[in-house]
$ cat work_16.cif   # mmCIF, C-alpha atoms
data_protein
#
loop_
_atom_site.label_atom_id
_atom_site.label_comp_id
_atom_site.auth_asym_id
_atom_site.auth_seq_id
_atom_site.Cartn_x
_atom_site.Cartn_y
_atom_site.Cartn_z
CA MET A 1 -35.16 1.68 -78.15
CA ALA A 2 -31.46 1.84 -79.04
CA LEU A 3 -30.27 0.16 -82.20
CA PRO A 4 -27.88 -2.82 -81.72
CA SER A 5 -24.98 -0.68 -83.05
CA GLU A 6 -25.64 2.11 -80.51
CA PRO A 7 -24.60 1.79 -76.87
CA ARG A 8 -27.62 1.64 -74.57
CA ARG A 9 -27.79 4.56 -72.16
CA LYS A 10 -29.16 4.02 -68.67
CA PHE A 11 -30.87 7.43 -68.64
CA PRO A 12 -31.49 8.42 -72.29
CA ASP A 13 -33.16 11.75 -71.43
CA TYR A 14 -30.38 12.89 -69.06
CA VAL A 15 -28.63 16.11 -70.10
CA ALA A 16 -25.28 16.61 -68.38
CA PRO A 17 -24.52 19.90 -66.60
CA THR A 18 -22.54 22.62 -68.37
CA LYS A 19 -18.94 21.49 -68.78
CA VAL A 20 -15.76 23.31 -69.78
CA HIS A 21 -13.30 21.45 -72.02
CA TYR A 22 -9.65 22.40 -71.56
CA ASP A 23 -6.99 22.07 -74.23
CA GLY A 24 -3.72 22.85 -72.51
CA ALA A 25 -4.01 25.89 -70.26
CA HIS A 26 -6.98 27.61 -71.94
CA PRO A 27 -10.55 26.34 -72.46
CA LYS A 28 -11.44 25.95 -76.15
CA ALA A 29 -15.16 25.17 -75.82
CA ILE A 30 -17.94 24.81 -73.27
CA GLN A 31 -21.05 22.65 -73.28
CA VAL A 32 -24.12 24.74 -72.42
CA ARG A 33 -27.39 23.14 -71.33
CA THR A 34 -30.43 24.80 -72.85
CA CYS A 35 -34.15 24.54 -72.23
CA ARG A 36 -36.41 25.04 -75.26
CA LEU A 37 -40.10 25.72 -74.71
CA VAL A 38 -42.54 25.56 -77.62
CA THR A 39 -45.87 27.37 -77.35
CA SER A 40 -48.78 27.25 -79.76
CA LEU A 41 -51.12 30.17 -79.10
CA GLY A 42 -53.79 31.05 -81.64
CA GLY A 43 -52.32 28.59 -84.13
CA ILE A 44 -48.93 30.33 -84.08
CA ARG A 45 -46.04 28.12 -83.00
CA ARG A 46 -43.18 29.89 -81.17
CA GLU A 47 -39.94 28.55 -79.76
CA HIS A 48 -38.25 30.11 -76.74
CA VAL A 49 -34.69 29.05 -75.80
CA PHE A 50 -33.31 29.61 -72.30
CA ASP A 51 -29.81 28.91 -70.99
CA LYS A 52 -30.45 30.12 -67.45
CA GLY A 53 -30.87 28.09 -64.27
CA THR A 54 -34.51 29.03 -63.62
CA VAL A 55 -37.25 29.85 -66.14
CA ARG A 56 -40.35 31.54 -64.72
CA ILE A 57 -43.67 31.05 -66.54
CA GLY A 58 -46.89 33.00 -66.02
CA ALA A 59 -49.20 35.77 -67.22
CA MET A 60 -47.23 38.73 -65.78
CA ASP A 61 -44.81 40.62 -68.02
CA ASP A 62 -41.83 40.08 -65.71
CA ASN A 63 -41.85 36.28 -66.27
CA ASP A 64 -39.30 34.72 -68.62
CA LEU A 65 -42.10 33.12 -70.64
CA VAL A 66 -45.36 35.10 -70.70
CA ILE A 67 -48.52 33.11 -71.49
CA THR A 68 -51.44 35.39 -72.45
CA ASP A 69 -54.23 33.10 -71.29
CA GLU A 70 -56.70 34.16 -68.59
CA THR A 71 -56.56 30.65 -67.06
CA VAL A 72 -52.80 31.01 -66.42
CA SER A 73 -51.82 32.51 -63.06
CA ARG A 74 -49.64 35.61 -62.79
CA TYR A 75 -46.74 33.48 -61.51
CA HIS A 76 -47.84 30.01 -62.55
CA CYS A 77 -44.76 27.78 -62.42
CA ARG A 78 -41.01 27.62 -62.91
CA ILE A 79 -38.55 25.20 -64.47
CA VAL A 80 -35.34 24.75 -62.49
CA GLN A 81 -32.15 23.29 -63.94
CA GLU A 82 -30.73 20.76 -61.48
CA GLU A 83 -27.77 18.39 -61.56
CA GLY A 84 -29.92 15.49 -62.74
CA GLY A 85 -32.17 17.35 -65.18
CA TYR A 86 -35.00 19.88 -65.18
CA LEU A 87 -37.60 20.16 -62.41
CA LEU A 88 -41.03 21.74 -62.97
CA CYS A 89 -42.48 23.45 -59.85
CA ASP A 90 -46.02 24.77 -59.60
CA LEU A 91 -46.14 28.09 -57.73
CA GLY A 92 -49.60 27.62 -56.20
CA SER A 93 -51.43 28.36 -59.44
CA THR A 94 -55.24 28.52 -59.40
CA ASN A 95 -55.89 26.18 -62.34
CA GLY A 96 -52.91 23.89 -61.83
CA THR A 97 -49.88 22.63 -63.70
CA PHE A 98 -50.22 19.31 -65.52
CA VAL A 99 -47.73 16.76 -66.86
CA GLY A 100 -49.17 13.88 -68.84
CA GLY A 101 -52.69 14.96 -67.87
CA VAL A 102 -51.89 14.67 -64.15
CA ARG A 103 -51.86 17.73 -61.87
CA VAL A 104 -48.45 18.09 -60.24
CA ARG A 105 -46.72 20.27 -57.67
CA GLU A 106 -43.29 19.13 -58.86
CA ALA A 107 -42.17 16.84 -61.66
CA PHE A 108 -38.92 16.06 -63.45
CA LEU A 109 -39.20 16.78 -67.17
CA HIS A 110 -37.81 14.88 -70.11
CA SER A 111 -37.47 16.06 -73.70
CA GLY A 112 -40.84 16.18 -75.44
CA THR A 113 -42.94 16.54 -72.27
CA ILE A 114 -46.14 18.53 -72.71
CA ILE A 115 -46.89 20.84 -69.78
CA GLY A 116 -50.51 21.96 -69.25
CA LEU A 117 -50.97 25.45 -67.83
CA GLY A 118 -54.65 26.30 -67.38
CA GLN A 119 -56.05 25.87 -70.91
CA SER A 120 -52.62 26.34 -72.57
CA GLU A 121 -49.90 23.84 -73.37
CA VAL A 122 -46.13 24.22 -73.54
CA GLN A 123 -43.81 21.54 -74.89
CA PHE A 124 -40.43 21.14 -73.16
CA PHE A 125 -37.15 20.11 -74.82
CA ALA A 126 -33.71 19.83 -73.20
CA SER A 127 -30.56 20.06 -75.27
CA GLN A 128 -26.89 20.78 -75.05
CA GLU A 129 -24.85 23.09 -77.29
CA LYS A 130 -21.10 23.22 -77.79
CA VAL A 131 -19.92 26.83 -77.77
CA GLU A 132 -16.42 27.64 -79.02
CA ILE A 133 -14.46 30.15 -76.95
CA VAL A 134 -12.91 32.79 -79.18
CA PRO A 135 -10.47 35.36 -77.74
CA SER A 136 -11.87 38.86 -77.81
CA GLN A 137 -10.53 41.37 -80.33
CA LYS A 138 -11.34 44.25 -77.95
CA ASN A 139 -8.51 45.96 -76.11
CA HIS A 140 -10.39 46.76 -72.88
CA LEU A 141 -12.72 45.29 -70.30
CA GLY A 142 -14.07 47.84 -67.88
CA ASP A 143 -11.06 49.62 -66.36
CA ILE A 144 -8.58 47.01 -67.65
CA ILE A 145 -6.79 47.95 -70.86
CA GLY A 146 -4.72 45.51 -72.91
CA LYS A 147 -5.08 42.82 -75.55
CA ASN A 148 -4.94 39.06 -75.81
CA VAL A 149 -1.32 38.10 -76.43
CA SER A 150 0.79 35.03 -75.85
CA ASP A 151 3.79 36.20 -73.90
CA PRO A 152 5.64 33.34 -72.20
CA GLN A 153 8.00 35.80 -70.46
CA PRO A 154 6.39 37.76 -67.65
CA ARG A 155 7.02 41.48 -67.79
CA ARG A 156 6.23 44.29 -65.38
CA CYS A 157 3.80 46.90 -66.54
CA GLY A 158 2.43 50.04 -65.01
CA LYS A 159 -1.14 51.20 -64.70
CA TYR A 160 -2.41 54.64 -63.81
CA VAL A 161 -4.91 54.70 -60.97
CA ASP A 162 -6.20 58.16 -59.99
CA GLY A 163 -3.14 59.76 -61.61
CA LEU A 164 -0.63 57.54 -59.74
CA ARG A 165 1.38 54.86 -61.51
CA THR A 166 1.30 51.43 -59.86
CA CYS A 167 4.00 48.83 -60.52
CA CYS A 168 2.52 45.76 -58.87
CA GLU A 169 1.18 44.14 -62.02
CA TRP A 170 2.68 41.59 -64.41
CA ILE A 171 1.62 40.38 -67.83
CA ARG A 172 2.10 36.66 -68.46
CA ASP A 173 0.36 34.49 -71.06
CA GLY A 174 -1.90 37.37 -72.01
CA ALA A 175 -3.24 37.78 -68.46
CA ILE A 176 -2.67 40.63 -66.02
CA TRP A 177 -1.39 39.41 -62.65
CA VAL A 178 -1.81 41.53 -59.52
CA GLY A 179 0.32 40.03 -56.75
CA ASP A 180 -0.54 36.32 -56.88
CA ARG A 181 -3.98 36.80 -58.49
CA VAL A 182 -4.79 36.88 -62.19
CA THR A 183 -7.18 39.33 -63.83
CA THR A 184 -8.19 38.35 -67.36
#
$ encode --input "work_16.cif" --output "structure tokens"
Amino acid sequence: MALPSEPRRKFPDYVAPTKVHYDGAHPKAIQVRTCRLVTSLGGIRREHVFDKGTVRIGAMDDNDLVITDETVSRYHCRIVQEEGGYLLCDLGSTNGTFVGGVRVREAFLHSGTIIGLGQSEVQFFASQEKVEIVPSQKNHLGDIIGKNVSDPQPRRCGKYVDGLRTCCEWIRDGAIWVGDRVTT
């Protein structure tokens, strides 16, 4: 329950999608949605943080979260990040996937939900992190060579491709422009 001084939110467990905050022409920070899964196997508590769209859970080594329990299927379930939150999907597991003690095929998760997988349990938490964007100090990215500079005046530059010099590129505001497209 929200305190009287706090605004009441309609959906308190809703985590907004990843957003980019712009300050002028360049983004300064992004908001990244993360999924944290807490396991407690053999009395050892472990936290696993994922910032990807789909987290696969099961007994096989190629899952994102491997549960070493013989009652957990090879590919037991997955957690999918959607616009409105996180969706848990059972993948036809033998012993089932449970939320709140109820066997489910699909269920939306909220922070603190305990997911039952066979005889194991995983606790789900959703969060959001603000990540500052810092310009790279490196002077190359793949085949592109240069550095981050603020140059309000565009200038023509040349680039050697297979021993031939090309003159169709411009540098403006620290970005390399090829024709009407920018390569950063």
$ resolve_selection --input "work_16.cif" --expression "the PyMOL selection byres ((chain A and resi 75) around 9)" --output "ChimeraX atom specification"
/A:56-60,63,72-74,76-78,90-93
$ write_last_selection --input "work_16.cif" --atoms "C-alpha atoms" --output "short mmCIF file (atom, residue, chain, number, x, y, z; two decimals), in the coordinates of the input"
data_model
loop_
_atom_site.label_atom_id
_atom_site.label_comp_id
_atom_site.auth_asym_id
_atom_site.auth_seq_id
_atom_site.Cartn_x
_atom_site.Cartn_y
_atom_site.Cartn_z
CA ARG A 56 -40.35 31.54 -64.72
CA ILE A 57 -43.67 31.05 -66.54
CA GLY A 58 -46.89 33.00 -66.02
CA ALA A 59 -49.20 35.77 -67.22
CA MET A 60 -47.23 38.73 -65.78
CA ASN A 63 -41.85 36.28 -66.27
CA VAL A 72 -52.80 31.01 -66.42
CA SER A 73 -51.82 32.51 -63.06
CA ARG A 74 -49.64 35.61 -62.79
CA HIS A 76 -47.84 30.01 -62.55
CA CYS A 77 -44.76 27.78 -62.42
CA ARG A 78 -41.01 27.62 -62.91
CA ASP A 90 -46.02 24.77 -59.60
CA LEU A 91 -46.14 28.09 -57.73
CA GLY A 92 -49.60 27.62 -56.20
CA SER A 93 -51.43 28.36 -59.44
#
$ residues_near_point --input "work_16.cif" --point "(-22.7, 26.0, -80.6)" --cutoff "10 Å" --atoms "only C-alpha atoms" --output "JSON, numbers by chain"
{"A": [29, 30, 31, 32, 128, 129, 130, 131, 132, 133]}
$ axis_aligned_box --input "work_16.cif" --around "range 89-108 of chain A" --padding-each-side "6 Å" --output "AutoDock Vina command-line options"
--center_x -47.4 --center_y 21.2 --center_z -62.5 --size_x 29.0 --size_y 26.6 --size_z 24.6
$ closest_residue --input "work_16.cif" --among "A:Ser40, A:Gln119, A:Ser127, A:Thr54" --to "Cys89 in chain A" --atoms "all atoms listed in the file"
A:Thr54
$ closest_residue --input "work_16.cif" --among "A:Leu65, A:Val38, A:Ile79, A:Ile114" --to "Val99 in chain A" --atoms "all atoms listed in the file"
A:Ile114
$ atom_distance --input "work_16.cif" --atom1 "CA of Glu82 in chain A" --atom2 "CA of Asp64 in chain A"
17.9 Å
$ resolve_selection --input "work_16.cif" --expression "the PyMOL selection byres ((chain A and resi 115) around 10)" --output "list of chain:residue names"
A:Leu37, A:Leu88, A:Thr97, A:Phe98, A:Val99, A:Gly100, A:Gly101, A:Val102, A:Arg103, A:Leu109, A:Gly112, A:Thr113, A:Ile114, A:Gly116, A:Leu117, A:Gly118, A:Ser120, A:Glu121, A:Val122, A:Gln123, A:Phe124
$ atom_distance --input "work_16.cif" --atom1 "CA of Gly84 in chain A" --atom2 "CA of Asp61 in chain A"
29.7 Å
$ atom_distance --input "work_16.cif" --atom1 "CA of Asp62 in chain A" --atom2 "CA of Cys35 in chain A"
18.5 Å
$ closest_residue --input "work_16.cif" --among "A:Val80, A:Leu41, A:Ile67, A:Val104" --to "Ala126 in chain A" --atoms "all atoms listed in the file"
A:Val80
$ closest_residue --input "work_16.cif" --among "A:Thr39, A:Thr68, A:His110, A:Lys28" --to "Leu87 in chain A" --atoms "all atoms listed in the file"
A:His110
$ closest_residue --input "work_16.cif" --among "A:Thr71, A:Thr94, A:Val49, A:Tyr86" --to "Glu106 in chain A" --atoms "all atoms listed in the file"
A:Tyr86
$ residues_near_point --input "work_16.cif" --point "(-30.9, 29.6, -66.6)" --cutoff "9 Å" --atoms "all atoms listed in the file" --output "VMD selection string"
chain A and resid 33 to 35 50 to 55 80 to 81
